[in-house]
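Quick look at work_20.txt (compact mmCIF, C-alpha atoms):
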# COMPACT_ATOMS: atom_id res chain seq x y z
CA MET A 22 12.04 0.48 -26.92
CA LYS A 23 10.58 -1.67 -29.67
CA THR A 24 7.67 -3.96 -28.82
CA ARG A 25 6.62 -7.37 -30.12
CA SER A 26 3.53 -9.54 -29.83
CA LEU A 27 3.56 -12.19 -27.13
CA GLY A 28 2.30 -14.81 -29.55
CA ASN A 29 -1.46 -14.71 -30.03
CA THR A 30 -2.16 -13.62 -26.44
CA GLY A 31 -3.02 -10.08 -27.52
CA MET A 32 -0.29 -8.68 -25.27
CA GLN A 33 2.39 -6.34 -26.59
CA VAL A 34 5.70 -6.60 -24.75
CA SER A 35 8.98 -4.70 -24.85
CA GLU A 36 11.43 -6.85 -26.80
CA VAL A 37 13.93 -6.47 -23.97
CA GLY A 38 12.32 -7.42 -20.68
CA PHE A 39 13.48 -7.48 -17.08
CA GLY A 40 14.64 -10.76 -15.56
CA ALA A 41 13.96 -10.31 -11.83
CA TRP A 42 15.93 -13.26 -10.40
CA GLN A 43 18.37 -10.80 -8.84
CA LEU A 44 15.85 -8.80 -6.79
CA GLY A 45 16.21 -9.61 -3.10
CA ASN A 46 18.55 -12.49 -4.00
CA GLU A 47 21.80 -11.82 -2.19
CA LYS A 48 22.80 -15.48 -2.24
CA ASP A 49 23.05 -15.74 -6.04
CA TRP A 50 23.49 -12.13 -7.12
CA GLY A 51 25.08 -10.15 -4.30
CA LYS A 52 23.63 -7.50 -2.03
CA MET A 53 21.06 -5.04 -3.33
CA SER A 54 18.94 -2.92 -1.00
CA ASP A 55 15.16 -2.89 -1.36
CA HIS A 56 15.36 0.77 -2.34
CA GLU A 57 17.90 0.00 -5.07
CA ALA A 58 15.76 -2.86 -6.36
CA ILE A 59 12.65 -0.69 -6.61
CA ASP A 60 14.62 2.10 -8.29
CA LEU A 61 15.92 -0.43 -10.82
CA VAL A 62 12.39 -1.54 -11.72
CA ASN A 63 11.29 2.09 -12.07
CA ALA A 64 14.29 2.86 -14.29
CA ALA A 65 13.35 -0.06 -16.54
CA MET A 66 9.79 1.23 -16.90
CA ASP A 67 11.04 4.76 -17.58
CA SER A 68 13.04 3.33 -20.51
CA GLY A 69 10.03 1.58 -22.02
CA CYS A 70 10.49 -1.90 -20.55
CA ASN A 71 7.10 -3.36 -19.65
CA PHE A 72 7.78 -7.11 -19.27
CA PHE A 73 8.85 -8.50 -15.89
CA ASP A 74 9.77 -12.16 -15.32
CA THR A 75 9.90 -13.53 -11.79
CA ALA A 76 9.23 -16.69 -9.75
CA PRO A 77 8.36 -17.68 -6.17
CA ASN A 78 11.84 -19.10 -5.50
CA TYR A 79 13.72 -16.00 -6.66
CA GLY A 80 15.11 -14.57 -3.45
CA ALA A 81 12.80 -16.87 -1.45
CA GLY A 82 9.79 -14.84 -2.57
CA LYS A 83 11.51 -11.45 -2.17
CA SER A 84 11.71 -10.86 -5.93
CA GLU A 85 7.93 -10.97 -6.23
CA GLU A 86 7.51 -8.81 -3.12
CA LEU A 87 9.82 -6.11 -4.45
CA LEU A 88 8.17 -6.16 -7.86
CA GLY A 89 4.80 -5.82 -6.16
CA LYS A 90 5.97 -2.73 -4.30
CA ALA A 91 7.63 -1.19 -7.36
CA LEU A 92 4.65 -1.79 -9.65
CA LYS A 93 1.93 -0.76 -7.22
CA GLY A 94 -0.39 1.68 -8.98
CA LYS A 95 1.16 0.81 -12.36
CA ARG A 96 -0.33 -2.64 -12.89
CA ASP A 97 -2.09 -1.68 -16.11
CA GLN A 98 1.23 -0.55 -17.62
CA VAL A 99 3.10 -3.83 -17.29
CA VAL A 100 3.06 -7.52 -18.21
CA ILE A 101 4.00 -9.80 -15.32
CA SER A 102 5.08 -13.40 -15.89
CA SER A 103 5.68 -15.67 -12.91
CA LYS A 104 6.09 -19.39 -12.39
CA CYS A 105 5.04 -22.26 -10.16
CA GLY A 106 6.50 -25.57 -9.07
CA HIS A 107 9.68 -24.23 -7.43
CA HIS A 108 8.77 -22.80 -4.06
CA PRO A 109 10.37 -20.13 -1.84
CA ASN A 110 11.96 -22.79 0.40
CA ASP A 111 13.65 -24.33 -2.70
CA GLU A 112 11.22 -27.27 -2.63
CA GLN A 113 10.15 -28.56 -6.03
CA ASN A 114 6.55 -29.74 -5.94
CA PHE A 115 4.17 -29.82 -8.89
CA GLU A 116 1.19 -31.36 -7.11
CA PRO A 117 -2.02 -29.50 -8.04
CA GLU A 118 -2.78 -28.23 -4.53
CA ARG A 119 0.72 -26.82 -4.16
CA LEU A 120 0.54 -25.12 -7.56
CA ILE A 121 -2.76 -23.44 -6.67
CA SER A 122 -1.50 -22.24 -3.29
CA SER A 123 1.73 -21.07 -4.93
CA VAL A 124 -0.17 -18.88 -7.36
CA GLU A 125 -2.25 -17.40 -4.53
CA ASP A 126 0.96 -16.57 -2.67
CA SER A 127 2.46 -15.02 -5.80
CA LEU A 128 -0.61 -12.83 -6.31
CA ARG A 129 -0.36 -11.66 -2.70
CA ARG A 130 3.35 -10.86 -2.95
CA LEU A 131 2.90 -9.08 -6.29
CA GLN A 132 -0.13 -7.15 -4.95
CA THR A 133 -2.26 -8.07 -7.95
CA ASP A 134 -5.31 -10.20 -8.63
CA TYR A 135 -4.04 -11.75 -11.86
CA LEU A 136 -0.86 -12.80 -13.66
CA ASP A 137 -0.44 -12.06 -17.35
CA SER A 138 1.54 -15.28 -17.80
CA LEU A 139 2.06 -18.30 -15.55
CA LEU A 140 4.67 -20.92 -16.37
CA LEU A 141 5.38 -24.32 -14.90
CA HIS A 142 8.97 -23.90 -13.71
CA ASN A 143 11.07 -26.61 -15.38
CA PRO A 144 8.44 -29.32 -14.78
CA PRO A 145 9.02 -33.07 -15.23
CA PHE A 146 8.90 -34.11 -18.90
CA SER A 147 6.14 -36.56 -18.05
CA SER A 148 3.80 -33.66 -17.24
CA LEU A 149 4.18 -31.95 -20.62
CA HIS A 150 0.83 -33.01 -22.06
CA GLY A 151 -2.63 -31.53 -21.99
CA ASP A 152 -4.15 -34.26 -19.82
CA SER A 153 -1.64 -33.86 -17.00
CA THR A 154 -2.95 -32.60 -13.69
CA GLN A 155 -0.52 -29.69 -13.96
CA PHE A 156 -2.04 -28.39 -17.19
CA GLU A 157 -5.53 -28.97 -15.84
CA VAL A 158 -4.61 -26.61 -12.99
CA LEU A 159 -3.30 -24.00 -15.44
CA GLN A 160 -6.49 -24.15 -17.48
CA LYS A 161 -8.64 -23.80 -14.36
CA LEU A 162 -6.63 -20.79 -13.18
CA LYS A 163 -7.17 -19.20 -16.57
CA ASP A 164 -10.90 -19.99 -16.53
CA ASP A 165 -11.08 -18.40 -13.06
CA GLY A 166 -9.40 -15.21 -14.29
CA LYS A 167 -6.30 -15.66 -12.14
CA ILE A 168 -4.01 -15.83 -15.19
CA ARG A 169 -4.29 -14.59 -18.78
CA ALA A 170 -1.97 -17.13 -20.44
CA PHE A 171 0.01 -20.21 -19.46
CA GLY A 172 2.81 -22.50 -20.52
CA ALA A 173 6.14 -23.66 -19.13
CA SER A 174 9.73 -22.61 -18.66
CA VAL A 175 12.07 -25.25 -20.10
CA ASP A 176 15.67 -25.67 -21.23
CA THR A 177 15.58 -27.61 -24.51
CA GLY A 178 13.98 -27.77 -27.92
CA ARG A 179 12.77 -31.30 -27.14
CA GLU A 180 10.75 -30.04 -24.17
CA MET A 181 9.51 -27.10 -26.21
CA SER A 182 8.35 -29.37 -29.03
CA GLU A 183 6.48 -31.55 -26.55
CA LEU A 184 4.68 -28.48 -25.20
CA LEU A 185 3.79 -27.36 -28.72
CA ASN A 186 2.53 -30.79 -29.79
CA GLN A 187 0.82 -31.94 -26.60
CA THR A 188 -0.51 -28.88 -24.73
CA GLU A 189 -2.45 -25.67 -25.23
CA SER A 190 0.47 -23.54 -24.07
CA GLN A 191 0.26 -19.94 -25.27
CA VAL A 192 3.66 -18.90 -23.90
CA ILE A 193 6.92 -20.85 -23.59
CA GLU A 194 10.11 -19.69 -21.92
CA VAL A 195 13.26 -21.42 -23.14
CA MET A 196 17.00 -21.14 -22.65
CA PHE A 197 18.47 -19.68 -25.81
CA ASN A 198 21.69 -17.78 -26.45
CA LEU A 199 24.83 -17.84 -28.60
CA PHE A 200 26.10 -20.90 -26.73
CA HIS A 201 22.70 -22.65 -26.62
CA GLN A 202 21.06 -22.44 -30.04
CA GLU A 203 19.53 -25.93 -30.02
CA PRO A 204 15.90 -24.72 -29.51
CA ALA A 205 15.91 -22.67 -32.74
CA ALA A 206 13.79 -25.10 -34.77
CA ALA A 207 11.23 -25.47 -31.98
CA MET A 208 11.08 -21.68 -31.67
CA GLU A 209 10.20 -21.45 -35.36
CA SER A 210 7.39 -23.95 -34.83
CA ALA A 211 6.14 -21.88 -31.91
CA HIS A 212 6.01 -18.80 -34.11
CA HIS A 213 3.93 -20.62 -36.74
CA GLN A 214 1.51 -21.76 -34.00
CA GLY A 215 1.18 -18.28 -32.52
CA VAL A 216 2.91 -19.21 -29.27
CA GLY A 217 4.86 -16.46 -27.50
CA VAL A 218 8.55 -17.17 -26.89
CA ILE A 219 10.46 -15.78 -23.90
CA THR A 220 14.21 -16.43 -24.04
CA LYS A 221 15.96 -16.90 -20.70
CA VAL A 222 19.66 -16.94 -19.80
CA PRO A 223 20.39 -14.73 -22.86
CA LEU A 224 23.89 -13.84 -21.60
CA ASP A 225 24.75 -17.41 -20.55
CA SER A 226 25.01 -16.57 -16.84
CA GLY A 227 27.44 -13.73 -17.56
CA TRP A 228 29.81 -15.39 -20.01
CA LEU A 229 28.43 -13.41 -22.93
CA THR A 230 29.00 -10.11 -21.15
CA GLY A 231 32.69 -10.65 -21.88
CA LYS A 232 33.76 -10.20 -18.26
CA TYR A 233 34.86 -13.82 -17.76
CA ASP A 234 37.73 -15.73 -19.34
CA GLU A 235 39.41 -19.11 -18.99
CA SER A 236 41.21 -18.01 -15.79
CA SER A 237 38.03 -16.84 -14.02
CA THR A 238 36.96 -18.36 -10.70
CA PHE A 239 33.41 -18.51 -9.38
CA SER A 240 31.37 -18.83 -6.21
CA GLY A 241 27.66 -19.30 -5.57
CA ILE A 242 25.52 -20.77 -8.33
CA ARG A 243 28.28 -20.19 -10.90
CA SER A 244 30.59 -22.60 -9.07
CA ARG A 245 28.81 -25.40 -10.97
CA TRP A 246 31.39 -25.21 -13.79
CA SER A 247 34.45 -27.44 -13.71
CA ALA A 248 37.93 -26.11 -14.52
CA GLU A 249 37.69 -27.80 -17.93
CA GLU A 250 34.33 -26.16 -18.66
CA ILE A 251 35.66 -22.74 -17.64
CA GLU A 252 38.65 -23.14 -19.94
CA ARG A 253 36.43 -24.19 -22.83
CA ARG A 254 33.99 -21.35 -22.29
CA GLY A 255 36.84 -18.86 -22.15
CA LYS A 256 38.06 -20.00 -25.56
CA LEU A 257 34.52 -19.84 -26.98
CA VAL A 258 34.15 -16.27 -25.70
CA GLU A 259 37.33 -15.29 -27.56
CA GLN A 260 35.93 -16.78 -30.77
CA VAL A 261 32.76 -14.74 -30.36
CA ARG A 262 34.85 -11.61 -29.76
CA ARG A 263 36.66 -12.14 -33.05
CA ILE A 264 33.38 -12.47 -34.94
CA VAL A 265 31.78 -9.45 -33.26
CA GLY A 266 34.78 -7.14 -33.61
CA ASN A 267 34.84 -3.66 -32.10
CA ASP A 268 31.56 -2.22 -33.36
CA TYR A 269 29.41 -3.84 -30.66
CA SER A 270 29.86 -4.77 -27.04
CA MET A 271 29.55 -8.47 -26.21
CA VAL A 272 26.25 -7.77 -24.43
CA GLN A 273 24.76 -5.92 -27.39
CA ALA A 274 25.91 -8.60 -29.83
CA ALA A 275 24.57 -11.45 -27.68
CA LEU A 276 21.16 -9.84 -27.16
CA ARG A 277 20.79 -8.54 -30.71
CA PHE A 278 21.63 -12.01 -32.03
CA ILE A 279 18.62 -13.39 -30.16
CA LEU A 280 16.43 -10.50 -31.30
CA SER A 281 17.35 -11.29 -34.92
CA TYR A 282 14.91 -14.20 -34.58
CA ARG A 283 11.39 -13.04 -35.39
CA GLU A 284 10.13 -15.95 -33.29
CA VAL A 285 11.35 -14.29 -30.10
CA SER A 286 8.79 -12.16 -28.27
CA VAL A 287 11.03 -10.95 -25.45
CA ILE A 288 14.45 -11.56 -23.91
CA ILE A 289 14.90 -11.32 -20.13
CA PRO A 290 18.45 -10.42 -19.11
CA GLY A 291 19.10 -9.60 -15.46
CA ALA A 292 20.80 -6.47 -14.15
CA LYS A 293 22.31 -5.53 -10.79
CA ASP A 294 22.41 -1.78 -11.38
CA VAL A 295 21.18 0.95 -13.72
CA SER A 296 24.34 0.83 -15.83
CA GLN A 297 23.85 -2.86 -16.60
CA LEU A 298 20.14 -2.28 -17.16
CA ASN A 299 20.72 0.48 -19.69
CA HIS A 300 23.33 -1.63 -21.49
CA ASN A 301 20.80 -4.46 -21.78
CA LEU A 302 18.03 -2.16 -22.99
CA SER A 303 20.31 -0.64 -25.64
CA ALA A 304 20.03 -3.92 -27.54
CA SER A 305 16.66 -2.66 -28.79
CA GLU A 306 18.29 0.33 -30.49
CA GLY A 307 19.68 -1.57 -33.47
CA GLY A 308 20.50 -4.92 -35.03
CA LEU A 309 23.42 -6.98 -36.27
CA PRO A 310 24.55 -7.30 -39.89
CA THR A 311 23.06 -10.35 -41.60
CA GLN A 312 26.52 -11.77 -42.27
CA MET A 313 27.48 -11.53 -38.60
CA VAL A 314 24.30 -13.34 -37.55
CA LYS A 315 25.17 -16.10 -40.03
CA GLU A 316 28.73 -16.36 -38.68
CA LEU A 317 27.41 -16.64 -35.12
CA LYS A 318 25.04 -19.42 -36.17
CA ASP A 319 27.86 -21.21 -37.99
CA PHE A 320 30.06 -20.82 -34.90
CA TRP A 321 27.54 -22.79 -32.83
CA GLU A 322 27.11 -25.44 -35.54
CA GLU A 323 30.85 -25.99 -35.83
CA GLU A 324 32.06 -25.54 -32.26
CA ILE A 325 29.23 -26.48 -29.89
CA LYS A 326 26.34 -28.34 -31.50
CA ASP A 327 27.73 -31.86 -31.55
CA SER A 328 29.68 -31.68 -28.30
CA GLY A 329 27.15 -29.76 -26.24
CA LEU A 330 27.80 -27.30 -23.46
CA THR A 331 26.42 -27.69 -19.96
CA TRP A 332 24.40 -24.84 -18.50
Output the file's structure as structure tokens, nothing else.
Amino acid sequence: MKTRSLGNTGMQVSEVGFGAWQLGNEKDWGKMSDHEAIDLVNAAMDSGCNFFDTAPNYGAGKSEELLGKALKGKRDQVVISSKCGHHPNDEQNFEPERLISSVEDSLRRLQTDYLDSLLLHNPPFSSLHGDSTQFEVLQKLKDDGKIRAFGASVDTGREMSELLNQTESQVIEVMFNLFHQEPAAAMESAHHQGVGVITKVPLDSGWLTGKYDESSTFSGIRSRWSAEEIERRGKLVEQVRRIVGNDYSMVQAALRFILSYREVSVIIPGAKDVSQLNHNLSASEGGLPTQMVKELKDFWEEEIKDSGLTW
């Protein structure tokens, strides 16, 4: 597993990390026993993965609890990034007192006395400046030794640019994948400023695994797509398949495309079992031809950029 610098934080992270939204989260991901979840975390570590992304609302706090159990006695071997603002009961509250208590609860569930990275979890745009009470809380938590670095998890380049221009964020998590390339320019700015970049939703909620097509139906969180959106996505997947050809799986191509950006510190795909995990981690074993990367960038420019694509 190759490693990269998490910006100027001094932390070295595996370039393929572990998105832990699925742990203890039967509602959105399907059933997984606690034993299976802990085994999955251990398998990731055994393969050189050292970066784990979680949040208080993942599995109503169960994701953090399971990570805490799995990583007990191994804290010095891993980098843990969690979030605040979205709470285990699905409440969204960014008031300072709630953020502080949220972090204390996260530390308890994770069985640690510090977080390597703490991110505001899709906060209001109005709070994305250094004088906001939210960033004052983050700075205080860092001064108190509760966190090593802070920033926010956002969805767009506009939000990312605001963080870069208006805050002291050291780490930013942003949605970026073959279907959502809009943040690319902001990611380049982050690199020049020494800000670590975590890319979330790298497989576009499963579409870039290649297992869905325009006739697919969905339940749970994926039921958010309309019939028209599903049909469009199915056609876009087929275009990506034609560009990628038979030398790479869709997963490898999608993840290696993101890793072709030097600005990216770590990608955080999720996995429900060891087979999926190993497929994700294999993205670190090679790259994509330069021409293919260019074609995949052109594909977004021509097919998606001006018409957008909902998450």
Just want the 7 Å neighbourhood of region 110-119 of chain A, counted on only C-alpha atoms, with same-chain residues fewer than 3 positions away dropped. Output as a compact mmCIF listing (two decimals) with C-alpha atoms, in the coordinates of the input.
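Result saved to out.txt:
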# COMPACT_ATOMS: atom_id res chain seq x y z
CA ASN A 78 11.84 -19.10 -5.50
CA ALA A 81 12.80 -16.87 -1.45
CA GLY A 106 6.50 -25.57 -9.07
CA HIS A 107 9.68 -24.23 -7.43
CA SER A 122 -1.50 -22.24 -3.29
CA SER A 123 1.73 -21.07 -4.93
CA THR A 154 -2.95 -32.60 -13.69
CA GLN A 155 -0.52 -29.69 -13.96
CA VAL A 158 -4.61 -26.61 -12.99
Excluding Gln297 (chain A) and any residue of its chain fewer than 2 positions from it, enumerate the residues within 12 Å of it, using only C-alpha atoms, and give them as an mmCIF file with C-alpha atoms, keeping the file's coordinate frame.
data_model
loop_
_atom_site.group_PDB
_atom_site.id
_atom_site.type_symbol
_atom_site.label_atom_id
_atom_site.label_comp_id
_atom_site.auth_asym_id
_atom_site.auth_seq_id
_atom_site.Cartn_x
_atom_site.Cartn_y
_atom_site.Cartn_z
ATOM 1 C CA PHE A 39 13.480 -7.480 -17.080
ATOM 2 C CA LEU A 61 15.920 -0.430 -10.820
ATOM 3 C CA ALA A 64 14.290 2.860 -14.290
ATOM 4 C CA ALA A 65 13.350 -0.060 -16.540
ATOM 5 C CA GLY A 227 27.440 -13.730 -17.560
ATOM 6 C CA THR A 230 29.000 -10.110 -21.150
ATOM 7 C CA VAL A 272 26.250 -7.770 -24.430
ATOM 8 C CA GLN A 273 24.760 -5.920 -27.390
ATOM 9 C CA PRO A 290 18.450 -10.420 -19.110
ATOM 10 C CA GLY A 291 19.100 -9.600 -15.460
ATOM 11 C CA ALA A 292 20.800 -6.470 -14.150
ATOM 12 C CA LYS A 293 22.310 -5.530 -10.790
ATOM 13 C CA ASP A 294 22.410 -1.780 -11.380
ATOM 14 C CA VAL A 295 21.180 0.950 -13.720
ATOM 15 C CA ASN A 299 20.720 0.480 -19.690
ATOM 16 C CA HIS A 300 23.330 -1.630 -21.490
ATOM 17 C CA ASN A 301 20.800 -4.460 -21.780
ATOM 18 C CA LEU A 302 18.030 -2.160 -22.990
ATOM 19 C CA SER A 303 20.310 -0.640 -25.640
ATOM 20 C CA ALA A 304 20.030 -3.920 -27.540
#
**Neighbour residues at most 10 Å from (28.4, -19.4, -11.3) (only C-alpha atoms) as a list in words** = Asp49, Trp50, Ser226, Gly227, Trp228, Thr238, Phe239, Ser240, Gly241, Ile242, Arg243, Ser244, Arg245, Trp246 and Trp332 of chain A
**Prompt:** Excluding same-chain residues fewer than 6 positions from Arg96 (chain A), what lies within 12 Å of it counting only C-alpha atoms, as a ChimeraX atom specification?
**Reply:** /A:66,71-73,88-90,131-137
Would you write out those residues with C-alpha atoms, as a PDB file, in the coordinates of the input?
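That gives us again.pdb:
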ATOM      1  CA  MET A  66       9.790   1.230 -16.900  1.00  0.00           C
ATOM      2  CA  ASN A  71       7.100  -3.360 -19.650  1.00  0.00           C
ATOM      3  CA  PHE A  72       7.780  -7.110 -19.270  1.00  0.00           C
ATOM      4  CA  PHE A  73       8.850  -8.500 -15.890  1.00  0.00           C
ATOM      5  CA  LEU A  88       8.170  -6.160  -7.860  1.00  0.00           C
ATOM      6  CA  GLY A  89       4.800  -5.820  -6.160  1.00  0.00           C
ATOM      7  CA  LYS A  90       5.970  -2.730  -4.300  1.00  0.00           C
ATOM      8  CA  LEU A 131       2.900  -9.080  -6.290  1.00  0.00           C
ATOM      9  CA  GLN A 132      -0.130  -7.150  -4.950  1.00  0.00           C
ATOM     10  CA  THR A 133      -2.260  -8.070  -7.950  1.00  0.00           C
ATOM     11  CA  ASP A 134      -5.310 -10.200  -8.630  1.00  0.00           C
ATOM     12  CA  TYR A 135      -4.040 -11.750 -11.860  1.00  0.00           C
ATOM     13  CA  LEU A 136      -0.860 -12.800 -13.660  1.00  0.00           C
ATOM     14  CA  ASP A 137      -0.440 -12.060 -17.350  1.00  0.00           C
TER      15      ASP A 137
END
**Non-local contacts of Ser182 (chain A) (10 Å; all atoms listed in the file; under 6 positions in same chain excluded) as a list in words** =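 Returned residues: Leu149, Thr188, Pro204, Ala206, Ala207, Met208, Ser210 and Ala211 of chain A.
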Export of the given selection (C-alpha atoms) as a PDB file, in the frame of the given file:
ATOM      1  CA  LEU A 149       4.180 -31.950 -20.620  1.00  0.00           C
ATOM      2  CA  THR A 188      -0.510 -28.880 -24.730  1.00  0.00           C
ATOM      3  CA  PRO A 204      15.900 -24.720 -29.510  1.00  0.00           C
ATOM      4  CA  ALA A 206      13.790 -25.100 -34.770  1.00  0.00           C
ATOM      5  CA  ALA A 207      11.230 -25.470 -31.980  1.00  0.00           C
ATOM      6  CA  MET A 208      11.080 -21.680 -31.670  1.00  0.00           C
ATOM      7  CA  SER A 210       7.390 -23.950 -34.830  1.00  0.00           C
ATOM      8  CA  ALA A 211       6.140 -21.880 -31.910  1.00  0.00           C
TER       9      ALA A 211
END
**Request:** Just give me the residues with any atom within 9 Å of (7.4, -24.4, -15.1), file coordinates, counting all atoms listed in the file, written as number ranges by chain.
**Result:** A: 104-107, 115, 139-145, 172-175, 194
**Request:** Determine the nearest neighbour of Glu36 (chain A) from the options A:Ser237, A:Gln260, A:Ser247, A:Thr220, counting only C-alpha atoms.
**Result:** A:Thr220
**Prompt:** Can you tell me how far CA of Ala58 (chain A) sits from CA of Leu280 (chain A), in Å to one decimal?
**Reply:**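 Atom-to-atom, CA of Ala58 (chain A) and CA of Leu280 (chain A) are spaced 26.1 Å apart.
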**Distance criterion (all atoms listed in the file): nearest to His108 (chain A) out of A:Ile193, A:Val124, A:Leu199, A:Val265** = A:Val124
**Request:** Using CA of Ser127 (chain A) and CA of Gly69 (chain A) as the two end points, give the distance in Å to one decimal.
**Result:**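 Result for CA of Ser127 (chain A) versus CA of Gly69 (chain A): 24.4 Å, one decimal.
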